[in-house]
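**Q** I am attaching a structure below and will ask some questions about it afterwards.
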Amino acid sequence: NRAVARLRRRVGLVFQEFKLLANLSALENIMLAGEIAGATKKASQARAEQLLREFGLESRRHAKPSALSGGEQQRVALARALVNRPALILADEPTGNLDAAAARETLRLFKDIQRQDTTLVIASHDVKLFTDIASRVVHLEQGRIVADSAGSGAAEWRL
């Protein structure tokens with residue numbers, strides 16, 4: 001369906017558990033998102049290879065997810081989310097399964113993504129981790145907004 005393909009190109013998804021396909025290489029996992037959205041195999045491969053270089057994973061391009069570290073898997077997942085140059089990235093606990101060093105690297109990548117005028121919506125229990133990159137922080141409890149930094153000019157967070 002064309003409407004679904006258009007939506008897939010405009011929104012990138014990043015999951016806590018990466019959701020990489022085990023039988024595909026890092027390159028193939030990234031390419032697949034482009035192909036599903038309607039890009040040619042050649043265009044998807046070129047974009048995937050560019051992202052692998054940008055994320056420092058060029059040498060891991062043929063590695064299957066089981067051979068990648070958690071941080072490497074998350075970078076592949078981020079590259080997959082970016083392959084279609086989306087306007088919006090939705091990330092669910094993107095650092096939840098990472099060690100401190102990999103979490104810092106993921107934050108650095110998010111900062112780079114923001115500079116490309118891509119909107120990030122990050123769901124996280126670790127608010128302090130994201131406040132330095134957030135322009136707005138909304139705190140939910142049981143599905144209700146209990147705090148919102150909108151209009152403050154900065155992402156201040158106070159409980």
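Order determines the names: the first chain of the structure tokens is A, the second B, and so forth; residues in each chain are numbered 1 upward, and ligands are numbered 1 upward as they are shown.
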Find the residues near Ala48 of chain A: any atom within 10 Å, counting only C-alpha atoms, skip ones fewer than 2 places away on the same chain, and give them as an mmCIF file with N, CA and C atoms, in the first residue's frame.
**A**
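So the final result, stored in result26.cif, reads:
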data_model
loop_
_atom_site.group_PDB
_atom_site.id
_atom_site.type_symbol
_atom_site.label_atom_id
_atom_site.label_comp_id
_atom_site.auth_asym_id
_atom_site.auth_seq_id
_atom_site.Cartn_x
_atom_site.Cartn_y
_atom_site.Cartn_z
ATOM 1 N N ALA A 26 24.239 -6.985 9.296
ATOM 2 C CA ALA A 26 23.979 -5.595 9.672
ATOM 3 C C ALA A 26 23.549 -4.805 8.436
ATOM 4 N N LEU A 27 24.275 -4.950 7.353
ATOM 5 C CA LEU A 27 23.950 -4.260 6.103
ATOM 6 C C LEU A 27 22.551 -4.622 5.632
ATOM 7 N N GLU A 28 22.230 -5.896 5.619
ATOM 8 C CA GLU A 28 20.925 -6.352 5.131
ATOM 9 C C GLU A 28 19.782 -5.872 6.031
ATOM 10 N N ASN A 29 20.003 -5.828 7.347
ATOM 11 C CA ASN A 29 18.982 -5.323 8.258
ATOM 12 C C ASN A 29 18.650 -3.865 7.955
ATOM 13 N N ILE A 30 19.668 -3.075 7.668
ATOM 14 C CA ILE A 30 19.453 -1.666 7.351
ATOM 15 C C ILE A 30 18.786 -1.522 5.989
ATOM 16 N N MET A 31 19.279 -2.250 5.014
ATOM 17 C CA MET A 31 18.735 -2.174 3.660
ATOM 18 C C MET A 31 17.261 -2.547 3.608
ATOM 19 N N LEU A 32 16.877 -3.526 4.391
ATOM 20 C CA LEU A 32 15.512 -4.040 4.345
ATOM 21 C C LEU A 32 14.482 -2.934 4.581
ATOM 22 N N ALA A 33 14.753 -2.045 5.533
ATOM 23 C CA ALA A 33 13.814 -0.953 5.815
ATOM 24 C C ALA A 33 13.637 -0.054 4.594
ATOM 25 N N GLY A 34 14.704 0.183 3.862
ATOM 26 C CA GLY A 34 14.603 0.987 2.643
ATOM 27 C C GLY A 34 13.814 0.288 1.561
ATOM 28 N N LYS A 42 19.601 -1.160 -4.932
ATOM 29 C CA LYS A 42 20.833 -0.389 -5.118
ATOM 30 C C LYS A 42 20.835 0.867 -4.241
ATOM 31 N N ALA A 43 19.728 1.596 -4.232
ATOM 32 C CA ALA A 43 19.632 2.818 -3.420
ATOM 33 C C ALA A 43 19.684 2.483 -1.932
ATOM 34 N N SER A 44 19.004 1.423 -1.531
ATOM 35 C CA SER A 44 19.013 1.007 -0.127
ATOM 36 C C SER A 44 20.410 0.607 0.315
ATOM 37 N N GLN A 45 21.113 -0.112 -0.545
ATOM 38 C CA GLN A 45 22.462 -0.537 -0.199
ATOM 39 C C GLN A 45 23.397 0.662 -0.073
ATOM 40 N N ALA A 46 23.299 1.600 -0.989
ATOM 41 C CA ALA A 46 24.168 2.783 -0.938
ATOM 42 C C ALA A 46 23.926 3.571 0.351
ATOM 43 N N GLN A 50 26.481 4.036 3.611
ATOM 44 C CA GLN A 50 26.801 5.370 4.109
ATOM 45 C C GLN A 50 26.582 5.440 5.629
ATOM 46 N N LEU A 51 25.449 4.922 6.092
ATOM 47 C CA LEU A 51 25.142 4.951 7.529
ATOM 48 C C LEU A 51 26.107 4.070 8.318
ATOM 49 N N LEU A 52 26.470 2.927 7.781
ATOM 50 C CA LEU A 52 27.453 2.070 8.462
ATOM 51 C C LEU A 52 28.771 2.813 8.649
ATOM 52 N N ARG A 53 29.200 3.552 7.637
ATOM 53 C CA ARG A 53 30.424 4.354 7.760
ATOM 54 C C ARG A 53 30.250 5.434 8.827
ATOM 55 N N GLU A 54 29.132 6.162 8.762
ATOM 56 C CA GLU A 54 28.887 7.241 9.723
ATOM 57 C C GLU A 54 28.854 6.734 11.163
ATOM 58 N N GLU A 58 31.464 0.041 9.505
ATOM 59 C CA GLU A 58 31.766 -0.454 8.163
ATOM 60 C C GLU A 58 32.396 -1.852 8.196
ATOM 61 N N ARG A 61 29.788 -4.822 8.667
ATOM 62 C CA ARG A 61 28.675 -4.852 7.722
ATOM 63 C C ARG A 61 28.116 -6.239 7.451
ATOM 64 N N VAL A 76 23.120 -0.288 14.589
ATOM 65 C CA VAL A 76 22.483 -0.841 13.390
ATOM 66 C C VAL A 76 20.990 -0.485 13.409
ATOM 67 N N ALA A 79 20.644 3.089 12.455
ATOM 68 C CA ALA A 79 20.867 3.243 11.013
ATOM 69 C C ALA A 79 19.642 2.770 10.233
ATOM 70 N N ARG A 80 19.059 1.668 10.666
ATOM 71 C CA ARG A 80 17.839 1.169 10.015
ATOM 72 C C ARG A 80 16.722 2.213 10.105
ATOM 73 N N LEU A 82 17.089 5.361 10.235
ATOM 74 C CA LEU A 82 17.453 6.549 9.451
ATOM 75 C C LEU A 82 17.562 6.307 7.953
ATOM 76 N N VAL A 83 17.502 5.072 7.523
ATOM 77 C CA VAL A 83 17.785 4.748 6.127
ATOM 78 C C VAL A 83 16.876 5.503 5.158
ATOM 79 N N ASN A 84 15.664 5.805 5.559
ATOM 80 C CA ASN A 84 14.724 6.498 4.678
ATOM 81 C C ASN A 84 14.669 8.001 4.924
#
**Q** Using only C-alpha atoms, which residues sit within 12 Å of Asn23 of chain A once same-chain residues fewer than 5 positions away are excluded, as a count of residues only?
**A** 8
**Q** Name the residues of chain A that come out as helix (DSSP H, G or I) in a backbone DSSP run; write them as a ChimeraX atom specification.
**A** /A:2-10,26-36,41-54,58-60,65-67,70-82,100-115,127-130
**Q** For Thr118 of chain A, work out the shell of residues within 7 Å, counting only C-alpha atoms and skipping chain neighbours fewer than 6 positions away, then give it as a PyMOL selection string.
**A** chain A and resi 86-88
**Q** Using only N, CA and C atoms, please write the residues we just selected to a file, as a PDB file, in the first residue's frame.
**A**
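Generated output (part.pdb):
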ATOM      1  N   PRO A  86      13.935   9.841   7.669  1.00  0.00           N
ATOM      2  CA  PRO A  86      12.622  10.205   8.209  1.00  0.00           C
ATOM      3  C   PRO A  86      12.619  11.586   8.857  1.00  0.00           C
ATOM      4  N   ALA A  87      11.445  12.173   8.920  1.00  0.00           N
ATOM      5  CA  ALA A  87      11.268  13.447   9.605  1.00  0.00           C
ATOM      6  C   ALA A  87      11.133  13.233  11.107  1.00  0.00           C
ATOM      7  N   LEU A  88      10.746  12.015  11.505  1.00  0.00           N
ATOM      8  CA  LEU A  88      10.464  11.697  12.903  1.00  0.00           C
ATOM      9  C   LEU A  88      11.049  10.341  13.254  1.00  0.00           C
TER      10      LEU A  88
END
**Q** Give the answer as one residue: which of A:Leu24, A:Ser124, A:Gly12, A:Arg85 has the shortest atom-to-atom distance to Ala39 of chain A, using only C-alpha atoms?
**A** A:Arg85
**Q** As a VMD selection string, please: the residues near segment 97-106 of chain A (cut-off 12 Å, only C-alpha atoms, same-chain neighbours under 2 positions excluded).
**A** chain A and resid 14 to 18 55 to 56 69 to 79 91 to 95 108 to 113 124 126 129 to 130 132 to 133
**Q** Run DSSP on the backbone and grab whatever in segment 10-152 of chain A lands in strand (DSSP E or B); send it over as a ChimeraX atom specification.
**A** /A:11-14,88-92,119-123,138-141,144-148
**Q** Distance atom CA of Arg115 of chain A-atom CA of Leu90 of chain A, one decimal place?
**A** 16.2 Å
**Q** What does the distance from atom CA of Ala81 of chain A to atom CA of Leu120 of chain A come to in Å, to one decimal?
**A** 11.3 Å
**Q** Rounded to one decimal place, report the atom CA of Ser135 of chain A-atom CA of Ala147 of chain A distance in Å.
**A**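 Answer for the atom CA of Ser135 of chain A to atom CA of Ala147 of chain A separation: 14.1 Å.
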**Q** Which one is closest to Ser25 of chain A: A:Leu57, A:Leu7, A:Ala150, A:Val137? Count only C-alpha atoms.
**A**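 Nearest candidate to Ser25 of chain A out of A:Leu57, A:Leu7, A:Ala150, A:Val137: A:Leu57.
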